[in-house]
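Structure below is query17.txt: compact mmCIF, C-alpha atoms.
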```txt
# COMPACT_ATOMS: atom_id res chain seq x y z
CA GLU A 1 0.00 0.00 0.00
CA ILE A 2 1.38 3.37 -1.02
CA THR A 3 0.43 6.12 1.42
CA ASN A 4 2.94 8.74 0.29
CA ILE A 5 3.97 9.17 -3.36
CA TYR A 6 7.47 10.19 -2.23
CA ASP A 7 7.97 6.64 -0.93
CA ILE A 8 8.34 5.55 -4.58
CA ALA A 9 9.32 8.80 -6.38
CA SER A 10 12.02 11.37 -5.78
CA ALA A 11 10.22 14.15 -7.65
CA ILE A 12 6.84 14.85 -9.21
CA LYS A 13 6.23 17.01 -12.25
CA TYR A 14 2.72 17.96 -13.32
CA ILE A 15 2.23 18.64 -17.02
CA PRO A 16 -1.08 20.32 -17.84
CA LEU A 17 -2.18 19.23 -21.31
CA GLN A 18 -3.39 21.90 -23.71
CA THR A 19 -7.11 21.65 -24.34
CA THR A 20 -8.37 22.27 -27.87
CA ASP A 21 -11.28 20.94 -29.89
CA ASN A 22 -8.86 18.36 -31.35
CA SER A 23 -7.29 17.28 -28.05
CA LEU A 24 -10.26 16.49 -25.85
CA ILE A 25 -9.61 13.39 -23.76
CA ARG A 26 -12.60 11.26 -22.86
CA TYR A 27 -10.52 8.57 -21.13
CA ILE A 28 -6.94 7.32 -21.26
CA TYR A 29 -6.25 3.81 -22.46
CA ASP A 30 -2.44 4.05 -22.49
CA ILE A 31 0.41 6.58 -22.26
CA ARG A 32 3.86 6.38 -23.83
CA THR A 33 6.67 8.90 -23.61
CA THR A 34 9.82 9.71 -25.51
CA ASP A 35 12.43 12.35 -24.70
CA ASP A 36 10.38 15.07 -26.38
CA ARG A 37 6.81 13.73 -26.72
CA LEU A 38 3.82 12.40 -24.75
CA TYR A 39 1.45 10.02 -26.55
CA ILE A 40 -1.99 9.32 -25.13
CA SER A 41 -4.15 6.65 -26.67
CA MET A 42 -7.84 6.13 -26.52
CA LEU A 43 -9.71 3.31 -28.20
CA ARG A 44 -9.65 4.90 -31.67
CA GLN A 45 -7.08 7.70 -31.60
CA ILE A 46 -3.63 8.67 -30.35
CA LEU A 47 -2.93 12.24 -29.27
CA CYS A 48 0.58 13.70 -29.37
CA PHE A 49 1.80 16.46 -27.04
CA ASP A 50 5.25 17.96 -26.51
CA ARG A 51 6.85 17.63 -23.06
CA MET A 52 5.43 21.03 -22.06
CA GLY A 53 1.88 19.73 -22.67
CA ASN A 54 1.26 21.58 -25.94
CA TYR A 55 -1.03 19.69 -28.31
CA LEU A 56 0.71 18.85 -31.60
CA TYR A 57 -1.47 16.42 -33.60
CA LYS A 58 -3.33 13.15 -33.45
CA LEU A 59 -3.80 9.90 -35.32
CA GLU A 60 -7.47 9.33 -36.01
CA MET A 61 -7.91 6.88 -38.89
CA GLN A 62 -11.02 4.99 -37.86
CA GLY A 63 -12.66 3.09 -40.69
CA ARG A 64 -12.38 -0.05 -42.79
CA GLY A 65 -10.07 1.20 -45.53
CA PRO A 66 -6.52 -0.06 -46.15
CA GLU A 67 -4.93 2.76 -44.11
CA GLU A 68 -7.55 2.62 -41.34
CA TYR A 69 -8.46 0.62 -38.24
CA THR A 70 -11.71 -0.12 -36.41
CA ALA A 71 -10.00 0.02 -33.01
CA ILE A 72 -6.48 0.23 -31.58
CA TYR A 73 -5.82 -3.02 -29.71
CA ASP A 74 -2.24 -2.08 -28.86
CA TRP A 75 0.46 0.22 -30.21
CA ASP A 76 4.05 1.36 -29.77
CA ILE A 77 6.30 4.18 -30.88
CA SER A 78 9.91 3.73 -31.95
CA LEU A 79 12.17 6.02 -29.97
CA GLU A 80 14.79 6.22 -32.72
CA ASN A 81 13.08 6.41 -36.10
CA LYS A 82 9.71 7.92 -35.10
CA LEU A 83 7.73 4.98 -36.37
CA LEU A 84 4.28 4.34 -34.90
CA VAL A 85 2.82 0.83 -35.13
CA ILE A 86 -0.85 0.08 -34.49
CA LEU A 87 -2.14 -3.40 -33.75
CA ALA A 88 -5.59 -3.61 -35.34
CA SER A 89 -7.75 -6.57 -36.30
CA LYS A 90 -5.23 -9.18 -37.57
CA LYS A 91 -2.92 -6.49 -38.97
CA ILE A 92 -0.20 -4.05 -38.03
CA LEU A 93 -0.37 -0.56 -39.49
CA PHE A 94 2.82 1.48 -39.81
CA TYR A 95 2.77 5.28 -39.64
CA ASN A 96 5.76 7.61 -39.95
CA GLU A 97 5.76 10.53 -37.52
CA THR A 98 6.47 13.82 -39.27
CA PRO A 99 6.49 17.38 -37.85
CA ASN A 100 2.87 17.73 -39.01
CA GLY A 101 1.47 14.38 -37.86
CA PHE A 102 1.38 10.71 -38.76
CA VAL A 103 1.65 9.49 -42.35
CA TYR A 104 0.59 5.96 -43.35
CA LEU A 105 3.43 3.75 -44.63
CA LYS A 106 2.23 0.15 -44.91
CA ALA A 107 0.33 -2.73 -43.32
CA LEU A 108 1.22 -6.31 -42.41
CA ASN A 109 -1.61 -8.87 -42.26
CA PHE A 110 -1.70 -11.91 -39.97
CA LYS A 111 -3.77 -15.10 -39.78
CA SER A 112 -4.23 -14.83 -36.03
CA GLN A 113 -4.63 -11.83 -33.75
CA PRO A 114 -1.68 -10.90 -31.50
CA SER A 115 -2.68 -9.29 -28.22
CA LYS A 116 0.36 -7.03 -27.70
CA ILE A 117 2.96 -5.28 -29.83
CA ARG A 118 6.29 -3.75 -28.73
CA PHE A 119 9.40 -2.52 -30.47
CA SER A 120 12.47 -4.47 -29.42
CA GLU A 121 15.46 -2.83 -27.80
CA SER A 122 17.13 -2.46 -31.22
CA GLN A 123 14.02 -0.66 -32.54
CA ASN A 124 14.46 -2.61 -35.81
CA SER A 125 12.17 -5.48 -34.86
CA ILE A 126 8.76 -5.93 -33.28
CA LEU A 127 7.72 -8.34 -30.55
CA LEU A 128 4.23 -9.79 -31.00
CA SER A 129 2.67 -11.41 -27.94
CA TYR A 130 -0.33 -13.70 -28.01
CA SER A 131 -2.87 -14.21 -25.26
CA VAL A 132 -2.76 -17.49 -23.44
CA SER A 133 -5.96 -18.83 -24.96
CA GLY A 134 -4.58 -22.33 -25.28
CA PHE A 135 -5.12 -22.31 -29.02
CA GLU A 136 -2.11 -20.23 -30.09
CA THR A 137 1.03 -22.03 -31.21
CA PHE A 138 3.34 -19.24 -30.02
CA ARG A 139 3.54 -17.01 -26.95
CA ASN A 140 5.80 -14.45 -28.62
CA VAL A 141 7.12 -13.90 -32.13
CA LEU A 142 9.87 -11.43 -32.97
CA ILE A 143 9.53 -10.09 -36.52
CA ASP A 144 11.53 -7.63 -38.57
CA LEU A 145 9.87 -4.51 -39.99
CA ASP A 146 8.96 -6.43 -43.15
CA GLY A 147 7.07 -9.10 -41.17
CA ASP A 148 9.63 -11.90 -41.46
CA THR A 149 10.04 -14.04 -38.33
CA ILE A 150 13.37 -13.68 -36.52
CA ILE A 151 12.64 -15.94 -33.54
CA SER A 152 9.59 -17.33 -31.76
CA ARG A 153 8.69 -18.68 -28.32
CA HIS A 154 6.36 -21.68 -28.25
CA ASN A 155 3.14 -21.72 -26.21
CA TYR A 156 3.66 -24.60 -23.78
CA TYR A 157 0.17 -24.06 -22.37
CA GLU A 158 -1.64 -25.26 -25.51
CA TYR A 159 -4.77 -27.32 -25.05
CA THR A 160 -7.64 -28.61 -27.13
CA LYS A 161 -11.16 -27.42 -26.42
CA PHE A 162 -13.79 -30.16 -26.07
CA GLY A 163 -17.31 -28.93 -26.88
CA GLY A 164 -19.07 -25.85 -25.56
CA ASN A 165 -17.82 -22.31 -25.55
CA GLY A 166 -14.51 -21.83 -23.81
CA PHE A 167 -12.79 -18.65 -22.77
CA SER A 168 -9.37 -17.65 -21.56
CA ALA A 169 -8.99 -16.57 -17.98
CA PHE A 170 -5.33 -15.80 -18.65
CA THR A 171 -5.60 -13.37 -21.55
CA TYR A 172 -3.58 -10.67 -19.79
CA ASP A 173 -1.04 -12.90 -18.07
CA ASN A 174 1.39 -12.77 -21.00
CA ILE A 175 3.00 -9.52 -19.87
CA ASN A 176 6.07 -7.84 -21.33
CA PHE A 177 7.54 -4.43 -20.66
CA ARG A 178 10.73 -2.42 -21.01
CA CYS A 179 12.95 -1.87 -17.98
CA ASN A 180 16.39 -0.24 -18.19
CA GLY A 181 16.44 -0.76 -21.96
CA LYS A 182 15.70 -4.49 -21.73
CA LEU A 183 12.59 -6.40 -22.67
CA CYS A 184 11.17 -8.30 -19.69
CA PHE A 185 8.54 -11.06 -19.56
CA LYS A 186 6.14 -12.22 -16.87
CA GLU A 187 4.89 -15.71 -17.73
CA LEU A 188 1.67 -17.49 -16.90
CA PHE A 189 1.71 -19.26 -13.50
CA SER A 190 5.06 -17.62 -12.68
CA ASP A 191 6.16 -15.17 -10.02
CA THR A 192 9.44 -14.46 -11.82
CA ILE A 193 10.34 -11.81 -14.42
```
As structure tokens, what does this structure read like?
Amino acid sequence: EITNIYDIASAIKYIPLQTTDNSLIRYIYDIRTTDDRLYISMLRQILCFDRMGNYLYKLEMQGRGPEEYTAIYDWDISLENKLLVILASKKILFYNETPNGFVYLKALNFKSQPSKIRFSESQNSILLSYSVSGFETFRNVLIDLDGDTIISRHNYYEYTKFGGNGFSAFTYDNINFRCNGKLCFKELFSDTI
């Protein structure tokens, strides 16, 4: 239980975000930061602010066209080459970040739906993570920016469903995150990172 924020932080900085008609925030799904930007995602858009809180632009490409998505399931931003990747329904959309906003580059299509997407430490590859539904062959797949597989981790929790409707109680237990520049994993049924 945290009773005082200074028990876990040495300093606190409040950044008021500029409010405009284009930067209204209904709720926050996720936040990512770089040295000079703050990115706030909602279900169907990503807002970009500078580190002073000034609104810059947003990605809002909702639709069913080739450059569009129906929802943002997950996303990441490359710290080095300003590349934004969006995980949509069985595809990854690539957008280049320019001084005026995001510009569509390409899409990669998949047969199954990953649940998470992260740039690797090198920023030249992408880690796809799959929920632990029991039906997926892989837990994680590392791909290059063209979609070719570099390495994969097998799902050792595979099972076969017998009749009825099944569901996964472990969908969010395939956790990965960056810590000190390294990619870390928390596995199903494990208390170890």
Exercise. What gap, in Å, lies between atom CA of A:Leu59 and atom CA of A:Ile46?
Worked result: 5.1 Å
Exercise. Hey, what's within 9 Å of A:His154 if we count all atoms listed in the file and toss same-chain stuff fewer than 3 positions away? As a list in words, please?
Worked result: Glu136, Thr137, Phe138, Arg139, Asn140, Val141 and Tyr157 of chain A
Exercise. Nearest to A:Ser129: which of A:Asn176, A:Asn96, A:Ser10, A:Thr192 is it, counting all atoms listed in the file?
Worked result: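 Among the listed residues, the smallest separation from A:Ser129 belongs to A:Asn176.
Between A:Asn124 and the residues A:Leu145, A:Ile8, A:Arg26, A:Ile151, the shortest atom-to-atom distance, using all atoms listed in the file, involves A:Leu145.
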For this session: Would you work out the distance separating atom CA of A:Tyr55 from atom CA of A:Val103, expressed in Å to one decimal?
Result: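 Spanning atom CA of A:Tyr55 to atom CA of A:Val103 is a straight-line distance of 17.6 Å.
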For this session: One decimal, Å: what's the distance from atom CA of A:Ile117 over to atom CA of A:Asn54, could you say?
Result: 27.2 Å
Problem set entry | Distance query A:Gln62 at most 12 Å, all atoms listed in the file, self and fewer than 3 positions along chain excluded, as JSON, numbers by chain | {"A": [42, 43, 44, 45, 46, 59, 65, 66, 67, 68, 69, 70, 71, 72, 86, 88]}
For this session: Kindly extract all protein, DNA and RNA residues lying within 8 Å of the coordinates (-0.8, 23.4, -36.7) given in the file, considering only C-alpha atoms, and supply them as number ranges by chain.
Result: A: 56-57, 100
For this session: Tell me which protein, DNA and RNA residues are within 9 Å of A:Asp36, counting only C-alpha atoms, leaving out same-chain ones fewer than 5 positions away, and put them as a PyMOL selection string.
Result: chain A and resi 49-52
Exercise. Leaving out stretch 109-116 of chain A and any residue of its chain fewer than 5 positions from it, which residues lie within 9 Å of it when counting all atoms listed in the file, given as number ranges by chain?
Worked result: A: 73-75, 87-93, 127-131, 136, 140, 147, 171-172, 174-176
Problem set entry | Counting only C-alpha atoms, the option among A:Ile28, A:Leu108, A:Tyr95, A:Leu79 closest to A:Gly181 |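 Once distances to A:Gly181 are computed over only C-alpha atoms, the minimum belongs to A:Leu79.
Nearest to A:Thr98 of all the residues A:Ile77, A:Ile150, A:Leu83, A:Ile31 is A:Leu83, counting only C-alpha atoms.
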For this session: Choose the residue, out of A:Arg64, A:Asn155, A:Phe177, A:Phe102, that has the smallest atom-to-atom separation from A:Lys82; count only C-alpha atoms.
Result: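 The shortest atom-to-atom distance to A:Lys82 comes from A:Phe102.
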Exercise. Nearest to A:Asp30: which of A:Asp146, A:Glu1, A:Asp76, A:Asp7 is it, counting all atoms listed in the file?
Worked result: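 Distance minimum relative to A:Asp30 lands on A:Asp76.
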